[in-house]
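Data block below; observations after.
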Amino acid sequence: MPSLSAPVLHLDESQLRHINSKLSAMEPHQILAWAATTFASLYQETAFGPSGNVITDMLSSQGISVPVIFIDTLHHFDETLDLARRSQERYGFDLHTFKPEGCLTREDFIAHHGDNLWKRDDLVYDFSVKVEPARRAYEMLGARAVITGRRRSQKGDRATMPIVEIESTGLVKINPLAMWSFQQVWIYLRANGVPYNALLDQGYKSVGDYHSTRPVKEGEDERAGRWAGEEKTECGLHKDYFAMRAQFLARNKPQQEPKTAQLTAQAA
């Protein structure tokens, strides 16, 4: 198979399809082993959801050391933050936590953006708490590729995603569990004693920020508890970065212009 370590941006669609065809015949742990030997600057990006926990365990069981990127939105459940601590203690990975720019606490975020930003403008919220911190993480760490826990069975935009994809920024994303179901993930967690979020025992299946996540009802899709009642299926982390940034800047422009005018007046 072609190596993606250096000329990744020069791969054409046919080469990428060939790689995905080969990887689709492999088990997740084999895909992870391939990724670890292919990319010199590989990270796992996770919010410590069930799939991410499986991947962490698979890497550890093979003796593969991959540093972890965790985007702390400052709006996670306490159970999620507790799991991040327990997981690091169990597996000993290097953890790189990134928060919204200029903020260390939820109170800082409210001071910068006002309360309930997710209600007032969810695009600005998503860019501020997920997209910008993630982009900052990739650039500061020099990440060329990240492992994610996304699966096709989660539906929405993920229903047809490949195992390996290349973003418009050039970042490679590897989705080793793309073909797995939630049931396979759950069986692996229990069979291998993998730490998982305590909220799963309360009916949650996909856990995001506390204000936009609820338990899943019987018969609902796995991610039905995320942004319930909305058409939204992604937070922006796995959407086109340049499109998200352009929309974010357009939304913020009316707020920025008065400040610019004020500074100009003061300078005069």
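Residue numbering restarts at 1 in every chain; chains get A, B, ... in the order shown in the structure tokens, and ligands count up from 1 in that same order.
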
>> I'd like the neighbourhood of Arg190 of chain A as a list in words, where a residue qualifies if any of its atoms comes within 12 Å (using only C-alpha atoms), though same-chain residues fewer than 6 positions away should be ignored.
In response: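 After dropping sequence-adjacent residues, the list is Pro50, Asn53, Val54, Asp57, Gln183, Gln184, Tyr196 and Leu200 of chain A.
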
Since we have the selection now, will you write its residues out, keeping N, CA, C and O atoms, as a tab-separated table (two decimals), in the first residue's frame?
```
chain	number	residue	atom	x	y	z
A	50	PRO	N	-17.31	6.02	24.09
A	50	PRO	CA	-17.11	4.56	24.05
A	50	PRO	C	-16.13	4.11	22.97
A	50	PRO	O	-15.24	3.30	23.23
A	53	ASN	N	-12.54	5.08	23.75
A	53	ASN	CA	-11.98	4.25	24.82
A	53	ASN	C	-11.53	2.89	24.28
A	53	ASN	O	-10.51	2.34	24.71
A	54	VAL	N	-12.29	2.34	23.35
A	54	VAL	CA	-11.91	1.08	22.71
A	54	VAL	C	-10.58	1.25	21.97
A	54	VAL	O	-9.67	0.41	22.07
A	57	ASP	N	-7.61	1.42	24.26
A	57	ASP	CA	-7.26	0.10	24.77
A	57	ASP	C	-6.58	-0.75	23.71
A	57	ASP	O	-5.62	-1.47	24.01
A	183	GLN	N	-23.07	-1.97	19.49
A	183	GLN	CA	-23.07	-3.23	20.23
A	183	GLN	C	-21.67	-3.84	20.27
A	183	GLN	O	-21.24	-4.36	21.31
A	184	GLN	N	-20.95	-3.80	19.16
A	184	GLN	CA	-19.58	-4.32	19.14
A	184	GLN	C	-18.68	-3.51	20.08
A	184	GLN	O	-17.83	-4.09	20.77
A	196	TYR	N	-15.13	3.36	31.11
A	196	TYR	CA	-16.09	4.06	30.27
A	196	TYR	C	-16.87	5.07	31.12
A	196	TYR	O	-16.82	5.04	32.35
A	200	LEU	N	-23.10	6.15	30.69
A	200	LEU	CA	-23.61	5.07	29.85
A	200	LEU	C	-24.55	4.16	30.64
A	200	LEU	O	-25.48	3.58	30.08
```

Using only C-alpha atoms, what does the table of segment 53-166 of chain A residues within 7 Å of segment 12-23 of chain A look like, with each row giving the shortest atom pair and its distance in Å to one decimal, sorted by chain and ascending number, as a tab-separated table?
```
residue	atom	partner	partner_atom	distance
A:Pro162	CA	A:Asn20	CA	6.6
A:Ile163	CA	A:Asn20	CA	6.0
A:Val164	CA	A:Asn20	CA	6.3
```

> In segment 31-252 of chain A, what's strand (DSSP E or B) per DSSP? Answer as a ChimeraX atom specification?
Replying inline: /A:42-45,68-71,76,95-98,145-147,164-166,172-174,209,213,226

> Which one is closest to Met58 of chain A: A:Tyr91, A:Phe127, A:Trp186, A:Tyr43? Count only C-alpha atoms.
Replying inline: A:Tyr91

>> At a cut-off of 12 Å, using only C-alpha atoms, what residues contact Ala243 of chain A? Leave out same-chain residues fewer than 5 positions from it and give the result as number ranges by chain.
In response: A: 123, 127, 131, 167-169, 236-238, 248-250

>> For segment 25-30 of chain A, find every residue with an atom within 12 Å (counting only C-alpha atoms), except residues of its own chain fewer than 3 positions away, and show them as a PyMOL selection string.
In response: chain A and resi 18-22+33-37+51+54-64+147-149+151+163+174-180+184-185+188

> Quick one: distance from atom CA of Val124 of chain A to atom CA of Arg251 of chain A in Å, one decimal?
Replying inline: 7.3 Å

> Could you pull out all residues of segment 80-236 of chain A with a DSSP call of helix (DSSP H, G or I) and give them as a count of residues only?
Replying inline: 68
